[in-house]
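Here's the structure we're looking at; comments come further down.
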Amino acid sequence: MTKPIIFIQGNYRAEFIEKIKANATEYRVKTTLIDEDLEFVEISVGWDKKNEQQLLAHSPLKWVQAISAGVDYLPLKEFEKKGILLTNASGLHSISISEHVIGVILSYYRGLNTAQKNQLAHTWDTDDIHYDQLSGKNMLVIGTGHIGEKLAKSVVSLGVNPFGINTTGHTVDGFIETYSMKNLAKIIQTMDIVVGILPGTDDTFHIFNNDLFSQMKPSAIFINVGRGDTVHTRELTETLQNKTIAFAALDVFEAEPLPADSPLWELDNLLITPHISGLTKHFQTKLMQIFLPNLTSFVKDGSLAKNQVSLKKGY
């Protein structure tokens, strides 16, 4: 009898391939697929867009391990229809993204962004350097999952007061206080720093829009490291052009790569980074810390130990 396949997408180190084989002896482990393999793929680490239709139509797929926290790019409705389980990489990027956000904030409050531009222009000018004291500022983290919790705990040492928004307002370690999403427009009015770390769902689509930006302090800054489509790009562009808020930093966008003719490029109160906040050293090691315990559990009884995604909610 032909063994089912665990399909590993990407160039993973040999030590991890061997661990996968040792934990699932009744499976074949493959890093490339030929047509005749498709009818045997039961587990996929990563998702192969090239073979998406064939995998959904012809394979006995049972479980997909995503390599990102966000899963909105996956065919969730098809997974739900076919009973395919899904786990994500939530938590894997928490240190990287937290450090990215802190770097952005410090660069803004200490005028480093302007200083860098002046350096390129060979200009010694202290008059146009923006500076402020970060300590004592209120930060609102919208999305209090692994990344949000890590960020909240990290900024306390800088004297920042972290508050959180989540679906129900449930308490999360590291935050002074958390509020439900329905209170967002009210709470945001008192915040100096607003950080979006939301997944891409029907409920979060364009949640950051004129209605919300108009409630923010004129001195406030907005950072998005969640999903690009949580931000209404045109309305944020207008907000920054009109100086309704002081500054924004975007690492994710509705269209990626960001088109060369996007007006966002021209804004001097916006920092653009090319979806790099989640770049993580020792990525494979951290992903295997999620996948291998799940693999052991799945082989044993078909269950998953951690990071299972609700296909209805999308996170």
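Ligands are numbered from 1 in the order shown, chains are lettered A, B, ... in the order of the structure tokens, and residues start at 1 in each chain.
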
Determine, using only C-alpha atoms, which residues of segment 23-131 of chain A have any atom at most 10 Å from an atom of segment 293-310 of chain A, and tabulate each with its shortest atom pair and distance in Å to one decimal place, rows ordered by chain and then rising number, as a Markdown table.
| residue | atom | partner | partner_atom | distance |
| --- | --- | --- | --- | --- |
| A:Asn23 | CA | A:Thr296 | CA | 6.1 |
| A:Ala24 | CA | A:Val299 | CA | 6.6 |
| A:Thr25 | CA | A:Val299 | CA | 9.4 |
| A:Glu26 | CA | A:Val299 | CA | 8.8 |
| A:Tyr27 | CA | A:Val299 | CA | 9.6 |
| A:Ile43 | CA | A:Leu295 | CA | 9.3 |
| A:Lys62 | CA | A:Gly302 | CA | 9.1 |
| A:Trp63 | CA | A:Phe298 | CA | 8.9 |
| A:Val64 | CA | A:Gln308 | CA | 10.0 |
| A:Gln65 | CA | A:Gln308 | CA | 9.1 |
| A:Ala66 | CA | A:Val309 | CA | 9.8 |
| A:Ala69 | CA | A:Asn307 | CA | 9.2 |
| A:Gly70 | CA | A:Val309 | CA | 9.8 |
| A:Val71 | CA | A:Val309 | CA | 8.6 |
| A:Leu76 | CA | A:Ser310 | CA | 9.4 |
| A:Glu80 | CA | A:Ser310 | CA | 9.2 |
| A:Leu85 | CA | A:Gln308 | CA | 7.5 |
| A:Leu86 | CA | A:Val309 | CA | 5.6 |
| A:Thr87 | CA | A:Gln308 | CA | 4.3 |
| A:Asn88 | CA | A:Asn307 | CA | 5.7 |
| A:Ala89 | CA | A:Asn307 | CA | 7.1 |
| A:Ser90 | CA | A:Asn307 | CA | 6.7 |
| A:Gly91 | CA | A:Asn307 | CA | 8.9 |

Residue neighbourhood Ser59 of chain A, 6 Å, only C-alpha atoms, exclusion window fewer than 3 positions, as a PDB file with N, CA, C and O atoms, in the first residue's frame:
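As a result, around.pdb now contains:
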ATOM      1  N   LEU A  38      -0.129  13.904  -6.209  1.00  0.00           N
ATOM      2  CA  LEU A  38      -1.227  14.734  -5.734  1.00  0.00           C
ATOM      3  C   LEU A  38      -2.314  13.936  -5.017  1.00  0.00           C
ATOM      4  O   LEU A  38      -2.910  14.404  -4.052  1.00  0.00           O
ATOM      5  N   GLU A  39      -2.550  12.718  -5.451  1.00  0.00           N
ATOM      6  CA  GLU A  39      -3.631  11.927  -4.855  1.00  0.00           C
ATOM      7  C   GLU A  39      -3.237  11.302  -3.517  1.00  0.00           C
ATOM      8  O   GLU A  39      -4.027  10.585  -2.908  1.00  0.00           O
ATOM      9  N   PHE A  40      -2.019  11.616  -3.025  1.00  0.00           N
ATOM     10  CA  PHE A  40      -1.568  11.046  -1.760  1.00  0.00           C
ATOM     11  C   PHE A  40      -1.236  12.095  -0.704  1.00  0.00           C
ATOM     12  O   PHE A  40      -0.889  11.748   0.424  1.00  0.00           O
ATOM     13  N   VAL A  41      -1.348  13.390  -1.038  1.00  0.00           N
ATOM     14  CA  VAL A  41      -0.956  14.442  -0.098  1.00  0.00           C
ATOM     15  C   VAL A  41      -2.022  14.599   0.983  1.00  0.00           C
ATOM     16  O   VAL A  41      -3.158  14.978   0.703  1.00  0.00           O
ATOM     17  N   LEU A  55      -4.703  20.098  -5.711  1.00  0.00           N
ATOM     18  CA  LEU A  55      -4.683  19.593  -4.342  1.00  0.00           C
ATOM     19  C   LEU A  55      -6.094  19.508  -3.772  1.00  0.00           C
ATOM     20  O   LEU A  55      -6.463  18.529  -3.121  1.00  0.00           O
TER      21      LEU A  55
END

(request) Write down as a ChimeraX atom specification the residues of segment 91-294 of chain A whose backbone DSSP state falls under strand (DSSP E or B). (result) /A:138-142,161-166,168,177-180,193-196,208,221-224,231,247-250,270-272

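In terms of minimum interatomic distance to Leu311 of chain A, A:Asp72 ranks closest within A:Asp128, A:Asp72, A:Glu99, A:Asp211, counting only C-alpha atoms.
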
(message) As an exercise, work out the distance from atom CA of Gln116 of chain A to atom CA of Val101 of chain A in Å and give it to one decimal place.
(response) 18.2 Å

(request) Excluding Ala152 of chain A and residues on its chain fewer than 6 positions from it, collect all residues at most 8 Å away from it, counting only C-alpha atoms, and give them as JSON, numbers by chain. (result) {"A": [141, 162, 163, 174, 175]}

(request) Tell me which protein, DNA and RNA residues are within 9 Å of Gly145 of chain A, counting only C-alpha atoms, leaving out same-chain ones fewer than 5 positions away, and put them as a ChimeraX atom specification. (result) /A:90-91,150,166,172,197-198

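When only C-alpha atoms are used to measure the gap to Ile102 of chain A, the shortest distance among A:Ile176, A:Leu158, A:Met191, A:Val252 belongs to A:Leu158.
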